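First up is the structure itself, then whatever we jot down about it.
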Number of protein chains: 2
Amino acid sequence: MATAPDSGKPTAAQALAPDRHRKASDQSIYDAIYEAVLTQRLPPGSRLPEVALSELFGVSRSIIRKALTRLASDHVIEQRPNQMAMVARPDVEETRQIFAARRLVEGEVMRLTAGTLSKARLQELKRLVKDEKSAHQSGRDQDRVHCSMEVHRFLARHCPNQVLGRMMRELVLRTSIVIALYKSPGMSACFLGDDHARLAELIAQGKGDQAADLAHRHLRALEDLLDLNEADTTIDLARILRPET
Amino acid sequence: MATAPDSGKPTAAQALAPDRHRKASDQSIYDAIYEAVLTQRLPPGSRLPEVALSELFGVSRSIIRKALTRLASDHVIEQRPNQMAMVARPDVEETRQIFAARRLVEGEVMRLTAGTLSKARLQELKRLVKDEKSAHQSGRDQDRVHCSMEVHRFLARHCPNQVLGRMMRELVLRTSIVIALYKSPGMSACFLGDDHARLAELIAQGKGDQAADLAHRHLRALEDLLDLNEADTTIDLARILRPET
DNA sequence: GCGCCACCCGGTGTATACATTTCGGGCTCG
DNA sequence: CGAGCCCGAAATGTATACACCGGGTGGCGC
C-alpha cells in the first residue's frame with residue numbers, strides 16, 4: 001500500500017453514467033470504459049467491480065467479464081486472481097518502453113499515411129486540430145484532451161496499414177494512461193506548441209519522412225515532460241525502514 | 001463456401017489431445033490452442049466448438065469462452081455472433097500488412113536485443129538454431145517449424161523492450177497463420193538458407209543494425225515465397241458466372 | 001419430380017446459483 | 001495494551017440452466 005496513492009476509494013462509476021438502464025452489449029461496455037480511460041476520467045488504479053458495473057449497465061456479470069477480459073488483453077486494465085480489476089498502472093520502465101514502441105510505430109504510420117488522405121478526410125483532421133486549439137484557449141481541459149487523442153487516433157484509423165493502425169491506437173491509449181500517472185502537476189499534457197497543426201500540414205503535403213520526424217520529436221518532448229524519476233516502490237521503503245543516524 | 005477449402009470437417013480436436021481429463025485453467029487452454037496454431041497443427045479455418053473444447057479439457061464453457069475471447073483479441077481466431085469460432089484466415093491485403101508491420105517491429109527488436117544477451121542465453125539461442133537445422137535435415141517438419149518459430153520468439157522474449165517484444169510475438173503467430181494459408185505447395189517455410197544462424201551470430205556480436213537488416217531481408221524473402229496473387233474470392237466468382245464466349 | 005416450408009438439432013448468448021477467496025473489524029487471550 | 005485469530009461481508013471463479021439463432025433435412029404441396 002505504501003507504493004500507491006490508491007486513488008478514489010469507492011468505485012469511480014460516475015464516469016460511466018450516460019447510458020444507464022439500457023441493455024448494453026459487451027462492445028458498448030468495452031467502448032465506454034475504453035473512452036473513459038482514454039480521456040482520463042478513469043485515472044490509473046481506478047477499481048472496476050464486476051457487480052457494480054453489471055448493475056450500472058443493466059446486464060449480468062457474464063457480459064461484464066467478457067468486456068473486462070478484452071480490456072485486460074489490451075493492457076487497459078489489470079486483472080489479478082480473486083481481486084477487483086483496476087485501470088492499469090504501468091511502472092516507470094514500462095512507461096519508457098511504451099513511448100519507445102509508440103515512436104517506432106507512429107513514425108511509420110505517419111510515413112504510410114502521408115499523402116493518402118482525401119480532401120474530406122484532411123478537412124476532418126484540420127477540424128480536430130482546430131477544436132483542440134479552441135478548447136485549449138478556453139480552458140476546457142476535458143475537451144482538449146479528447147481532441148488531442150482524436151488527432152492521433154484519426155491518423156491511426158486512416159493508415160493504409162490497419163495492422164499498424166491498431167497497434168498505434170493501443171499505444172495511444174497506454175500513453176494516455178501513463179501521462180495521467182506521471183504528469184507533473186499543471187503540465188498541459190500533449191499540447192506542445194502547434195505540433196498537431198504542423199503534423200497535419202505535413203501529412204496533407206505528403207511529406208512522410210518529415211511527418212515521422214516531427215511525430216518522433218513530439219513524443220520525445222512529451223516523454224520528457226513526465227516525472228519519470230524512480231525513487232518509488234522498494235527504494236522508499238528501504239530508506240524509511242533504515243534506522244536514523 | 002466457394003471461397004474456402006473449408007479444412008477438416010469435424011473438429012480438429014486431436015491436435016490438442018495431450019492434457020485431456022485434467023482440469024485446465026483458461027491460461028493453459030489459451031496456451032494449448034496458441035501453440036497448436038503456431039505450429040500449424042490447427043490450420044486456418046479450423047473450427048473450435050465451445051462444447052467440444054469444454055469436454056476435451058474437462059471444464060465448463062465459461063473457461064473455454066474466456067480463452068476464446070482472449071484468442072480473438074489477439075487475432076488468433078475469428079468470432080462471429082452465433083457462429084463457431086475458427087482459426088483466423090486473413091485475406092491477402094491483411095497478410096501484406098502483417099508482414100510490413102513485422103518487418104518494422106522485428107527490425108527494431110533486433111537492434112535493441114543485439115549485444116544484450118548473456119552467454120547462457122546465447123547458448124540457448126544457438127541450440128535452437130542447431131535443433132532447427134537437424135530437424136530440417138532429418139525431415140521432421142513438425143519439429144523444424146516449432147524450432148523456427150522459437151528462434152524468433154526467443155529473441156522477442158529477451159528483448160529489453162517487452163512492449164515491443166509482445167507485439168513481435170503476436171506478429172510471429174499471425175505470420176505463421178498466413179504462411180500456412182498461402183504457402184506454395186512444398187515450400188520449406190521459413191528455412192531460408194542459414195539466415196537464423198547468421199542472425200544469431202550478429203546478435204551475439206552486438207551488430208544491431210546488420211541484424212535488423214538481415215531480419216528485414218529474411219522476412220521479405222519469406223513473403224515473396226508466398227502465393228499472394230488475389231484471383232480468389234469475388235473475382236473468381238465473376239469469371240465463373242460470366243457467359244462463355 | 002421439383003421446390004418450398006416447417007421442424008429439429010446443435011451451436012452460441014445470457015443469466016443465475018453456488019463455491020471459494022480475500023480483506024477487514026472486532027473479539028479474545030497472553 | 002497489543003497481537004493474533006475468527007468470522008462475515010463482498011468480491012471473484014465456476015458450473016449450469018435455459019433462451020435464441022441458424023442451418024440442414026424431411027415431408028408436403030403443386
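Following the order of the C-alpha cells, chains are lettered A, B, ..., residues in each are numbered from 1, and ligands are numbered from 1.
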Can you write out as JSON lines which residues of chain A fall within 8 Å of chain C, alongside each residue's closest atom pair and its distance in Å to one decimal, counting only C-alpha atoms (C1' of nucleotides) and ordering rows by chain and ascending residue number?
```
{"residue": "A:Ser60", "atom": "CA", "partner": "C:DA15", "partner_atom": "C1'", "distance": 6.1}
{"residue": "A:Ser62", "atom": "CA", "partner": "C:DT14", "partner_atom": "C1'", "distance": 7.3}
{"residue": "A:Ile63", "atom": "CA", "partner": "C:DT14", "partner_atom": "C1'", "distance": 7.9}
{"residue": "A:Asn82", "atom": "CA", "partner": "C:DT21", "partner_atom": "C1'", "distance": 6.4}
{"residue": "A:Gln83", "atom": "CA", "partner": "C:DT22", "partner_atom": "C1'", "distance": 7.8}
```
Range 63-153 of chain A: which residues are alpha helix (DSSP H) by DSSP, as a PyMOL selection string? chain A and resi 63-73+92-113+119-137+141-153
Which neighbours of Ala204 in chain A fall inside 10 Å, counting only C-alpha atoms (C1' of nucleotides), when residues of the same chain fewer than 5 positions from it are skipped, and could you give them as a list in words? Thr113, Ala114, Gly115, Thr116, Leu117, Ser118, Lys119, Arg121, Leu122, Gln123, Leu125, Lys126, Arg198, Leu199 and Ala211 of chain A
For a quick test of understanding: name the residues of chain D lying within 12 Å of chain B when counting only C-alpha atoms (C1' of nucleotides), and present them as a short mmCIF file (atom, residue, chain, number, x, y, z; two decimals) with N, CA, C and O atoms (P, O5', C5', C4', C3', O3' and C1' of nucleotides), in the first residue's frame.
```
data_model
loop_
_atom_site.label_atom_id
_atom_site.label_comp_id
_atom_site.auth_asym_id
_atom_site.auth_seq_id
_atom_site.Cartn_x
_atom_site.Cartn_y
_atom_site.Cartn_z
P DG D 13 -11.82 -13.96 -10.81
"O5'" DG D 13 -12.41 -15.33 -10.23
"C5'" DG D 13 -11.53 -16.25 -9.59
"C4'" DG D 13 -12.08 -17.67 -9.70
"C3'" DG D 13 -12.23 -18.19 -11.13
"O3'" DG D 13 -11.82 -19.57 -11.16
"C1'" DG D 13 -14.34 -18.25 -10.04
P DT D 14 -11.77 -20.43 -12.41
"O5'" DT D 14 -13.19 -21.15 -12.41
"C5'" DT D 14 -13.51 -22.05 -11.36
"C4'" DT D 14 -14.90 -22.57 -11.53
"C3'" DT D 14 -15.23 -23.13 -12.92
"O3'" DT D 14 -15.33 -24.52 -12.78
"C1'" DT D 14 -17.03 -21.84 -12.00
P DA D 15 -15.69 -25.46 -14.04
"O5'" DA D 15 -17.25 -25.66 -13.84
"C5'" DA D 15 -17.73 -26.02 -12.55
"C4'" DA D 15 -19.25 -26.03 -12.52
"C3'" DA D 15 -19.92 -26.76 -13.69
"O3'" DA D 15 -20.88 -27.65 -13.17
"C1'" DA D 15 -20.80 -24.55 -13.48
P DT D 16 -21.64 -28.69 -14.15
"O5'" DT D 16 -23.05 -28.00 -14.38
"C5'" DT D 16 -23.72 -27.42 -13.26
"C4'" DT D 16 -24.94 -26.64 -13.69
"C3'" DT D 16 -25.69 -27.21 -14.90
"O3'" DT D 16 -27.08 -27.13 -14.63
"C1'" DT D 16 -25.24 -24.95 -15.26
P DC D 20 -36.20 -16.16 -26.01
"O5'" DC D 20 -35.10 -16.22 -27.16
"C5'" DC D 20 -33.90 -15.47 -27.01
"C4'" DC D 20 -32.91 -15.88 -28.08
"C3'" DC D 20 -33.51 -15.95 -29.49
"O3'" DC D 20 -32.69 -15.18 -30.35
"C1'" DC D 20 -32.28 -17.90 -29.00
P DC D 21 -33.36 -14.68 -31.78
"O5'" DC D 21 -32.21 -15.06 -32.80
"C5'" DC D 21 -30.84 -15.12 -32.36
"C4'" DC D 21 -30.10 -16.16 -33.19
"C3'" DC D 21 -30.58 -16.30 -34.63
"O3'" DC D 21 -29.48 -16.17 -35.49
"C1'" DC D 21 -30.41 -18.43 -33.59
P DG D 22 -29.73 -15.87 -37.06
"O5'" DG D 22 -28.54 -16.68 -37.73
"C5'" DG D 22 -27.79 -17.60 -36.98
"C4'" DG D 22 -27.60 -18.92 -37.70
"C3'" DG D 22 -28.07 -18.97 -39.16
"O3'" DG D 22 -27.10 -19.67 -39.91
"C1'" DG D 22 -29.13 -20.67 -37.91
P DG D 23 -27.16 -19.77 -41.49
"O5'" DG D 23 -26.88 -21.32 -41.73
"C5'" DG D 23 -26.13 -22.07 -40.75
"C4'" DG D 23 -26.46 -23.55 -40.86
"C3'" DG D 23 -26.77 -24.04 -42.28
"O3'" DG D 23 -26.27 -25.35 -42.42
"C1'" DG D 23 -28.63 -24.43 -40.92
#
```
Output as a list in words all residues of range 32-243 of chain B that backbone DSSP marks as strand (DSSP E or B).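 Going through range 32-243 of chain B, the strand (DSSP E or B) residues come out as Arg47, Leu48, Ile77, Glu78, Ala85, Met86, Val87, Lys183 and Leu226 of chain B.
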Please produce a file of those selected residues containing N, CA, C and O atoms, as a PDB file, in the first residue's frame.
```
ATOM      1  N   ARG B  47     -12.361 -25.221 -37.071  1.00  0.00           N
ATOM      2  CA  ARG B  47     -13.466 -24.827 -36.207  1.00  0.00           C
ATOM      3  C   ARG B  47     -13.188 -25.212 -34.770  1.00  0.00           C
ATOM      4  O   ARG B  47     -12.619 -26.273 -34.491  1.00  0.00           O
ATOM      5  N   LEU B  48     -13.609 -24.353 -33.864  1.00  0.00           N
ATOM      6  CA  LEU B  48     -13.371 -24.576 -32.440  1.00  0.00           C
ATOM      7  C   LEU B  48     -14.683 -24.467 -31.653  1.00  0.00           C
ATOM      8  O   LEU B  48     -14.968 -23.439 -31.060  1.00  0.00           O
ATOM      9  N   ILE B  77      -8.027 -16.186 -33.543  1.00  0.00           N
ATOM     10  CA  ILE B  77      -9.260 -16.774 -34.053  1.00  0.00           C
ATOM     11  C   ILE B  77     -10.243 -15.662 -34.419  1.00  0.00           C
ATOM     12  O   ILE B  77     -10.074 -14.513 -34.009  1.00  0.00           O
ATOM     13  N   GLU B  78     -11.243 -16.040 -35.193  1.00  0.00           N
ATOM     14  CA  GLU B  78     -12.324 -15.108 -35.530  1.00  0.00           C
ATOM     15  C   GLU B  78     -13.596 -15.598 -34.860  1.00  0.00           C
ATOM     16  O   GLU B  78     -13.916 -16.778 -34.917  1.00  0.00           O
ATOM     17  N   ALA B  85     -16.327 -20.380 -33.350  1.00  0.00           N
ATOM     18  CA  ALA B  85     -15.052 -19.698 -33.553  1.00  0.00           C
ATOM     19  C   ALA B  85     -14.211 -20.522 -34.512  1.00  0.00           C
ATOM     20  O   ALA B  85     -14.340 -21.742 -34.579  1.00  0.00           O
ATOM     21  N   MET B  86     -13.379 -19.862 -35.294  1.00  0.00           N
ATOM     22  CA  MET B  86     -12.462 -20.593 -36.154  1.00  0.00           C
ATOM     23  C   MET B  86     -11.114 -19.887 -36.204  1.00  0.00           C
ATOM     24  O   MET B  86     -11.024 -18.682 -35.963  1.00  0.00           O
ATOM     25  N   VAL B  87     -10.086 -20.663 -36.488  1.00  0.00           N
ATOM     26  CA  VAL B  87      -8.757 -20.081 -36.613  1.00  0.00           C
ATOM     27  C   VAL B  87      -8.787 -19.056 -37.747  1.00  0.00           C
ATOM     28  O   VAL B  87      -9.389 -19.309 -38.792  1.00  0.00           O
ATOM     29  N   LYS B 183       1.191 -20.641 -48.358  1.00  0.00           N
ATOM     30  CA  LYS B 183       2.443 -21.210 -48.855  1.00  0.00           C
ATOM     31  C   LYS B 183       2.200 -21.987 -50.131  1.00  0.00           C
ATOM     32  O   LYS B 183       1.184 -22.667 -50.279  1.00  0.00           O
ATOM     33  N   LEU B 226       5.489 -16.674 -50.726  1.00  0.00           N
ATOM     34  CA  LEU B 226       4.057 -16.975 -50.609  1.00  0.00           C
ATOM     35  C   LEU B 226       3.323 -16.745 -51.918  1.00  0.00           C
ATOM     36  O   LEU B 226       3.764 -15.985 -52.772  1.00  0.00           O
TER      37      LEU B 226
END
```
